[in-house]
file final-v3.pdb (PDB, C-alpha atoms)
ATOM      1  CA  MET D1157      30.424  35.546 -16.609
ATOM      2  CA  LYS D1158      27.236  36.155 -14.630
ATOM      3  CA  LYS D1159      25.251  33.841 -16.929
ATOM      4  CA  SER D1160      27.873  31.159 -16.431
ATOM      5  CA  TRP D1161      27.463  31.283 -12.649
ATOM      6  CA  ILE D1162      23.667  31.159 -12.963
ATOM      7  CA  GLY D1163      23.971  28.055 -15.143
ATOM      8  CA  ILE D1164      26.282  26.352 -12.638
ATOM      9  CA  LEU D1165      23.966  27.266  -9.764
ATOM     10  CA  MET D1166      20.966  25.796 -11.604
ATOM     11  CA  MET D1167      22.907  22.591 -12.242
ATOM     12  CA  ILE D1168      23.816  22.328  -8.548
ATOM     13  CA  ILE D1169      20.200  22.884  -7.474
ATOM     14  CA  GLY D1170      19.031  20.259  -9.956
ATOM     15  CA  ALA D1171      21.590  17.756  -8.698
ATOM     16  CA  VAL D1172      20.554  18.368  -5.065
ATOM     17  CA  ILE D1173      16.885  17.766  -5.944
ATOM     18  CA  ILE D1174      17.688  14.529  -7.780
ATOM     19  CA  ILE D1175      19.947  13.251  -4.982
ATOM     20  CA  SER D1176      17.310  14.108  -2.346
ATOM     21  CA  ALA D1177      14.595  12.254  -4.280
ATOM     22  CA  LEU D1178      16.815   9.192  -4.745
ATOM     23  CA  SER D1179      17.767   9.255  -1.074
ATOM     24  CA  MET D1180      14.112   9.354   0.028
ATOM     25  CA  ARG D1181      13.224   6.482  -2.308
ATOM     26  CA  TYR D1182      16.159   4.426  -1.003
ATOM     27  CA  GLN D1183      15.106   5.049   2.610
ATOM     28  CA  ALA D1184      11.491   4.111   1.785
ATOM     29  CA  SER D1185      12.604   0.906   0.065
ATOM     30  CA  ARG D1186      14.854  -0.043   2.974
ATOM     31  CA  THR D1187      12.145   0.637   5.564
ATOM     32  CA  GLN D1188       9.597  -1.302   3.517
ATOM     33  CA  LYS D1189      11.889  -4.345   3.370
ATOM     34  CA  VAL D1190      12.396  -4.299   7.157
ATOM     35  CA  MET D1191       8.643  -3.991   7.759
ATOM     36  CA  ILE D1192       7.856  -7.015   5.586
ATOM     37  CA  GLU D1193      10.660  -9.125   7.095
ATOM     38  CA  ASP D1194       9.615  -8.264  10.662
ATOM     39  CA  PHE D1195       5.995  -9.081   9.942
ATOM     40  CA  LYS D1196       6.890 -12.452   8.411
ATOM     41  CA  LYS D1197       9.006 -13.238  11.483
ATOM     42  CA  ASN D1198       6.068 -12.375  13.744
ATOM     43  CA  ILE D1199       3.807 -14.722  11.771
ATOM     44  CA  GLN D1200       6.391 -17.490  12.027
ATOM     45  CA  LYS D1201       6.820 -16.869  15.751
ATOM     46  CA  ALA D1202       3.053 -17.018  16.343
ATOM     47  CA  ASP D1203       2.933 -20.154  14.215
ATOM     48  CA  GLU D1204       5.620 -21.837  16.326
ATOM     49  CA  GLN D1205       4.049 -20.769  19.622
ATOM     50  CA  LEU D1206       0.750 -22.336  18.632
ATOM     51  CA  GLY D1207       2.490 -25.486  17.445
ATOM     52  CA  ILE D1208       0.906 -25.395  13.992
ATOM     53  CA  SER D1209       2.328 -24.879  10.516
ATOM     54  CA  GLU D1210      -0.475 -23.799   8.214
ATOM     55  CA  ASN D1211      -3.428 -22.312  10.074
ATOM     56  CA  ILE D1212      -2.853 -19.134  12.102
ATOM     57  CA  LYS D1213      -6.449 -17.975  12.216
ATOM     58  CA  THR D1214      -6.707 -18.504  15.986
ATOM     59  CA  VAL D1215      -4.094 -15.842  16.759
ATOM     60  CA  ASP D1216      -5.429 -12.947  18.837
ATOM     61  CA  LYS D1217      -6.364 -10.235  16.335
ATOM     62  CA  LYS D1218      -5.655  -7.522  18.932
ATOM     63  CA  ALA D1219      -1.972  -8.450  18.738
ATOM     64  CA  SER D1220      -1.815  -8.009  14.979
ATOM     65  CA  THR D1221       0.467  -4.962  14.887
ATOM     66  CA  THR D1222       4.241  -5.417  14.871
ATOM     67  CA  THR D1223       6.758  -3.076  16.465
ATOM     68  CA  LYS D1224       7.193  -1.408  13.076
ATOM     69  CA  GLY D1225       3.461  -0.700  12.845
ATOM     70  CA  THR D1226       2.880  -3.337  10.184
ATOM     71  CA  ILE D1227      -0.560  -4.955  10.346
ATOM     72  CA  GLY D1228      -0.267  -7.040   7.195
ATOM     73  CA  ILE D1229       1.145  -7.583   3.730
ATOM     74  CA  ILE D1230      -0.667  -6.939   0.451
ATOM     75  CA  SER D1231       0.363  -8.892  -2.644
ATOM     76  CA  ILE D1232      -0.921  -8.300  -6.168
ATOM     77  CA  PRO D1233       0.556 -10.919  -8.537
ATOM     78  CA  LYS D1234      -0.597  -9.131 -11.718
ATOM     79  CA  ILE D1235       1.708  -6.167 -11.043
ATOM     80  CA  ASN D1236       4.409  -8.018  -9.042
ATOM     81  CA  LEU D1237       3.627  -6.037  -5.895
ATOM     82  CA  THR D1238       4.325  -7.083  -2.316
ATOM     83  CA  VAL D1239       3.994  -4.226   0.162
ATOM     84  CA  ALA D1240       3.659  -3.776   3.922
ATOM     85  CA  LEU D1241       0.320  -2.536   5.240
ATOM     86  CA  SER D1242       0.270  -0.103   8.164
ATOM     87  CA  GLU D1243      -2.511   1.449  10.207
ATOM     88  CA  GLY D1244      -3.543   4.951   9.107
ATOM     89  CA  VAL D1245      -3.122   7.032   5.964
ATOM     90  CA  GLY D1246      -0.989   9.921   7.218
ATOM     91  CA  MET D1247       1.995  11.133   5.195
ATOM     92  CA  ASP D1248       4.412   9.604   7.726
ATOM     93  CA  ILE D1249       2.918   6.165   6.977
ATOM     94  CA  LEU D1250       2.404   6.472   3.229
ATOM     95  CA  LYS D1251       6.074   7.381   2.760
ATOM     96  CA  TYR D1252       7.048   3.826   3.644
ATOM     97  CA  ALA D1253       3.978   1.606   3.170
ATOM     98  CA  VAL D1254       0.356   1.513   2.097
ATOM     99  CA  GLY D1255      -2.131   2.469   4.789
ATOM    100  CA  HIS D1256      -5.390   1.118   6.169
ATOM    101  CA  PHE D1257      -8.131   3.731   6.545
ATOM    102  CA  THR D1258      -8.689   3.658  10.305
ATOM    103  CA  GLY D1259     -12.323   2.943  11.093
ATOM    104  CA  THR D1260     -12.918   0.692   8.109
ATOM    105  CA  PRO D1261     -13.072  -3.089   8.704
ATOM    106  CA  MET D1262     -10.001  -5.294   8.797
ATOM    107  CA  PRO D1263      -9.322  -7.917   6.105
ATOM    108  CA  GLY D1264     -11.449 -11.043   6.083
ATOM    109  CA  VAL D1265     -14.468  -9.647   7.910
ATOM    110  CA  LYS D1266     -17.707  -8.237   6.528
ATOM    111  CA  GLY D1267     -17.430  -4.668   5.364
ATOM    112  CA  ASN D1268     -15.264  -2.438   3.187
ATOM    113  CA  PHE D1269     -11.546  -2.844   4.016
ATOM    114  CA  CYS D1270     -10.018   0.362   2.563
ATOM    115  CA  VAL D1271      -6.355   0.984   1.706
ATOM    116  CA  ALA D1272      -4.484   4.009   0.313
ATOM    117  CA  GLY D1273      -1.084   4.173  -1.357
ATOM    118  CA  HIS D1274       1.175   6.551  -3.287
ATOM    119  CA  ARG D1275       2.113   6.543  -6.958
ATOM    120  CA  SER D1276       4.701   9.223  -6.253
ATOM    121  CA  TYR D1277       8.201   9.212  -7.713
ATOM    122  CA  THR D1278       9.398  11.214  -4.718
ATOM    123  CA  TYR D1279       8.477   8.785  -1.937
ATOM    124  CA  ASN D1280       7.441   5.459  -3.421
ATOM    125  CA  GLN D1281       5.515   3.886  -6.269
ATOM    126  CA  TYR D1282       3.701   1.021  -4.544
ATOM    127  CA  PHE D1283       0.436   1.698  -6.394
ATOM    128  CA  ASN D1284       2.148   2.991  -9.536
ATOM    129  CA  ARG D1285       0.793   0.143 -11.706
ATOM    130  CA  LEU D1286      -2.626  -0.138 -10.087
ATOM    131  CA  ASP D1287      -4.293   1.008 -13.308
ATOM    132  CA  GLU D1288      -3.169  -2.259 -14.943
ATOM    133  CA  LEU D1289      -5.570  -4.316 -12.831
ATOM    134  CA  ASN D1290      -8.575  -5.808 -14.591
ATOM    135  CA  ILE D1291     -11.741  -7.537 -13.460
ATOM    136  CA  GLY D1292     -10.828 -10.990 -12.182
ATOM    137  CA  ASP D1293      -7.304 -10.119 -11.000
ATOM    138  CA  LYS D1294      -6.330 -11.252  -7.497
ATOM    139  CA  ILE D1295      -5.383  -9.209  -4.437
ATOM    140  CA  MET D1296      -3.926 -11.171  -1.506
ATOM    141  CA  VAL D1297      -3.862  -9.820   2.048
ATOM    142  CA  THR D1298      -1.937 -11.566   4.830
ATOM    143  CA  THR D1299      -2.480 -10.620   8.476
ATOM    144  CA  MET D1300      -1.927 -12.368  11.793
ATOM    145  CA  ALA D1301      -5.507 -13.648  11.389
ATOM    146  CA  GLY D1302      -4.757 -15.453   8.115
ATOM    147  CA  GLU D1303      -4.494 -14.962   4.373
ATOM    148  CA  PHE D1304      -7.415 -13.522   2.430
ATOM    149  CA  GLU D1305      -7.944 -13.468  -1.316
ATOM    150  CA  TYR D1306      -9.970 -10.811  -3.105
ATOM    151  CA  VAL D1307     -10.964 -10.689  -6.768
ATOM    152  CA  VAL D1308     -11.232  -7.334  -8.576
ATOM    153  CA  TYR D1309     -14.735  -6.539  -9.789
ATOM    154  CA  GLU D1310     -14.477  -2.816 -10.519
ATOM    155  CA  SER D1311     -11.958  -0.148 -11.536
ATOM    156  CA  LYS D1312     -12.958   3.494 -11.808
ATOM    157  CA  VAL D1313     -11.752   7.076 -11.505
ATOM    158  CA  VAL D1314     -13.510   9.541  -9.199
ATOM    159  CA  LYS D1315     -13.033  13.074  -7.920
ATOM    160  CA  PRO D1316     -11.248  13.471  -4.542
ATOM    161  CA  GLU D1317     -14.465  14.561  -2.830
ATOM    162  CA  GLU D1318     -16.312  11.377  -3.830
ATOM    163  CA  ILE D1319     -15.666   9.597  -0.541
ATOM    164  CA  SER D1320     -18.667   7.279  -0.913
ATOM    165  CA  VAL D1321     -16.157   4.695  -2.244
ATOM    166  CA  LEU D1322     -15.155   4.236   1.408
ATOM    167  CA  ASP D1323     -18.715   3.463   2.551
ATOM    168  CA  ASN D1324     -19.186   0.186   4.349
ATOM    169  CA  THR D1325     -20.545  -2.852   2.496
ATOM    170  CA  GLU D1326     -22.554  -5.899   3.503
ATOM    171  CA  ASP D1327     -20.024  -8.329   2.057
ATOM    172  CA  ALA D1328     -16.291  -8.535   2.762
ATOM    173  CA  GLU D1329     -14.672  -6.261   0.178
ATOM    174  CA  ILE D1330     -11.439  -4.369  -0.426
ATOM    175  CA  THR D1331     -11.041  -0.845  -1.829
ATOM    176  CA  LEU D1332      -7.647   0.392  -3.027
ATOM    177  CA  VAL D1333      -7.272   4.168  -3.427
ATOM    178  CA  THR D1334      -4.507   6.120  -5.146
ATOM    179  CA  CYS D1335      -4.044   9.420  -6.972
ATOM    180  CA  THR D1336      -4.387   9.695 -10.739
ATOM    181  CA  PRO D1337      -3.099  10.710 -13.219
ATOM    182  CA  ILE D1338       0.464  10.139 -12.056
ATOM    183  CA  ARG D1339       2.188  13.445 -11.155
ATOM    184  CA  VAL D1340      -1.021  15.433 -11.786
ATOM    185  CA  ALA D1341      -3.177  13.737  -9.123
ATOM    186  CA  THR D1342      -6.419  15.587  -9.837
ATOM    187  CA  HIS D1343      -8.542  12.465  -9.360
ATOM    188  CA  ARG D1344      -8.531   9.158  -7.497
ATOM    189  CA  LEU D1345      -8.178   5.696  -9.008
ATOM    190  CA  ILE D1346     -10.389   3.191  -7.198
ATOM    191  CA  ILE D1347      -9.973  -0.584  -7.385
ATOM    192  CA  LYS D1348     -12.646  -2.685  -5.690
ATOM    193  CA  GLY D1349     -12.580  -6.408  -4.979
ATOM    194  CA  LYS D1350     -14.713  -9.045  -3.276
ATOM    195  CA  ILE D1351     -13.377 -11.727  -0.987
ATOM    196  CA  VAL D1352     -13.149 -15.287  -2.242
ATOM    197  CA  SER D1353     -15.043 -17.621   0.069
ATOM    198  CA  LYS D1354     -13.042 -20.559   1.372
TER     199      LYS D1354
END
call {"tool": "encode", "arguments": {"input": "final-v3.pdb", "output": "structure tokens"}}
result
Amino acid sequence: MKKSWIGILMMIIGAVIIISALSMRYQASRTQKVMIEDFKKNIQKADEQLGISENIKTVDKKASTTTKGTIGIISIPKINLTVALSEGVGMDILKYAVGHFTGTPMPGVKGNFCVAGHRSYTYNQYFNRLDELNIGDKIMVTTMAGEFEYVVYESKVVKPEEISVLDNTEDAEITLVTCTPIRVATHRLIIKGKIVSK
């Protein structure tokens, strides 16, 4: 009889863990959708206020953060990813979006624009397929200052303490950072890209 109760208790605990994980993923997905929609509305609003339809590069860059904290949208066609970009890489941000390393340059300007994201099954999987990127694949970044296209030129795995990947660069580049392997997270997967000149 005692073993029976232990078995039932274990099943209940397992169900609670699964439900909690699904609930967190649902909340993250819902928040992410709102962030992207709000940011797109802000771009459209700025577009209408300036009386133009295609070029928003003259928008004040200081006003690039929405009320939801979204500073842009990252799209990677190769892995069917469209995700909101927020400022900072704290856990409260990475639960619902990918985060810009504060202190690194913004998209489209000279320097190393650095972004971190989870591959976690608990919170979200925005960078779950990042290891599928190859040299030549595109990374698109949209901000209130415009849309910027980067092309992947390097993919590598480093140890967590190898923070030189965040060092600034002379050219406009992007660095995507996520944990690897999935679930184990002993190392960091680094994807680097260079901006495409227009």
call {"tool": "resolve_selection", "arguments": {"input": "final-v3.pdb", "expression": "the PyMOL selection byres ((chain D and resi 1294) around 6)", "output": "PyMOL selection string"}}
result
chain D and resi 1293+1295+1306-1307
call {"tool": "resolve_selection", "arguments": {"input": "final-v3.pdb", "expression": "the PyMOL selection byres ((chain D and resi 1255) around 8)", "output": "list in words"}}
result
Leu1241, Ser1242, Glu1243, Gly1244, Val1245, Gly1246, Ile1249, Leu1250, Ala1253, Val1254, His1256, Phe1257, Val1271, Ala1272 and Gly1273 of chain D
call {"tool": "write_last_selection", "arguments": {"input": "final-v3.pdb", "atoms": "C-alpha atoms", "output": "PDB file, keeping the file's coordinate frame"}}
result
ATOM      1  CA  LEU D1241       0.320  -2.536   5.240  1.00  0.00           C
ATOM      2  CA  SER D1242       0.270  -0.103   8.164  1.00  0.00           C
ATOM      3  CA  GLU D1243      -2.511   1.449  10.207  1.00  0.00           C
ATOM      4  CA  GLY D1244      -3.543   4.951   9.107  1.00  0.00           C
ATOM      5  CA  VAL D1245      -3.122   7.032   5.964  1.00  0.00           C
ATOM      6  CA  GLY D1246      -0.989   9.921   7.218  1.00  0.00           C
ATOM      7  CA  ILE D1249       2.918   6.165   6.977  1.00  0.00           C
ATOM      8  CA  LEU D1250       2.404   6.472   3.229  1.00  0.00           C
ATOM      9  CA  ALA D1253       3.978   1.606   3.170  1.00  0.00           C
ATOM     10  CA  VAL D1254       0.356   1.513   2.097  1.00  0.00           C
ATOM     11  CA  HIS D1256      -5.390   1.118   6.169  1.00  0.00           C
ATOM     12  CA  PHE D1257      -8.131   3.731   6.545  1.00  0.00           C
ATOM     13  CA  VAL D1271      -6.355   0.984   1.706  1.00  0.00           C
ATOM     14  CA  ALA D1272      -4.484   4.009   0.313  1.00  0.00           C
ATOM     15  CA  GLY D1273      -1.084   4.173  -1.357  1.00  0.00           C
TER      16      GLY D1273
END
call {"tool": "atom_distance", "arguments": {"input": "final-v3.pdb", "atom1": "CA of Glu1318 (chain D)", "atom2": "CA of Lys1350 (chain D)"}}
result
20.5 Å
call {"tool": "resolve_selection", "arguments": {"input": "final-v3.pdb", "expression": "the PyMOL selection byres ((chain D and resi 1348) around 8)", "output": "MDAnalysis selection string"}}
result
chainID D and resid 1308:1311 1329:1332 1346:1347 1349:1350
call {"tool": "residues_around", "arguments": {"input": "final-v3.pdb", "residues": "Lys1315 (chain D)", "least_positions_apart": "2", "cutoff": "9 Å", "atoms": "only C-alpha atoms", "output": "JSON list (two decimals) with C-alpha atoms, in the frame of the given file"}}
result
[["chain", "number", "residue", "atom", "x", "y", "z"],
["D", 1313, "VAL", "CA", -11.75, 7.08, -11.50],
["D", 1317, "GLU", "CA", -14.46, 14.56, -2.83],
["D", 1318, "GLU", "CA", -16.31, 11.38, -3.83],
["D", 1319, "ILE", "CA", -15.67, 9.60, -0.54],
["D", 1342, "THR", "CA", -6.42, 15.59, -9.84],
["D", 1343, "HIS", "CA", -8.54, 12.46, -9.36],
["D", 1344, "ARG", "CA", -8.53, 9.16, -7.50],
["D", 1345, "LEU", "CA", -8.18, 5.70, -9.01]]
call {"tool": "closest_residue", "arguments": {"input": "final-v3.pdb", "among": "D:Ile1351, D:Arg1275, D:Gly1259, D:Glu1288", "to": "Ile1235 (chain D)", "atoms": "only C-alpha atoms"}}
result
D:Glu1288
call {"tool": "closest_residue", "arguments": {"input": "final-v3.pdb", "among": "D:Val1352, D:Val1340, D:Ala1328, D:Cys1335", "to": "Cys1270 (chain D)", "atoms": "only C-alpha atoms"}}
result
D:Ala1328
call {"tool": "closest_residue", "arguments": {"input": "final-v3.pdb", "among": "D:Lys1266, D:Lys1234, D:Arg1339, D:His1274", "to": "Lys1251 (chain D)", "atoms": "only C-alpha atoms"}}
result
D:His1274
call {"tool": "atom_distance", "arguments": {"input": "final-v3.pdb", "atom1": "CA of Thr1298 (chain D)", "atom2": "CA of Ser1320 (chain D)"}}
result
25.8 Å
call {"tool": "atom_distance", "arguments": {"input": "final-v3.pdb", "atom1": "CA of Gly1225 (chain D)", "atom2": "CA of Glu1303 (chain D)"}}
result
18.4 Å
call {"tool": "closest_residue", "arguments": {"input": "final-v3.pdb", "among": "D:Thr1226, D:Tyr1252, D:Asp1323, D:Gly1264", "to": "Val1297 (chain D)", "atoms": "all atoms listed in the file"}}
result
D:Gly1264
call {"tool": "closest_residue", "arguments": {"input": "final-v3.pdb", "among": "D:Asp1287, D:Tyr1282, D:Met1247, D:Gly1228", "to": "Met1300 (chain D)", "atoms": "only C-alpha atoms"}}
result
D:Gly1228
call {"tool": "closest_residue", "arguments": {"input": "final-v3.pdb", "among": "D:Thr1325, D:Thr1299, D:Asn1268, D:Thr1334", "to": "Ser1231 (chain D)", "atoms": "only C-alpha atoms"}}
result
D:Thr1299
call {"tool": "axis_aligned_box", "arguments": {"input": "final-v3.pdb", "around": "region 1255-1268 of chain D", "padding_each_side": "5 Å", "output": "AutoDock Vina command-line options"}}
result
--center_x -9.9 --center_y -3.7 --center_z 7.1 --size_x 25.6 --size_y 24.8 --size_z 17.9
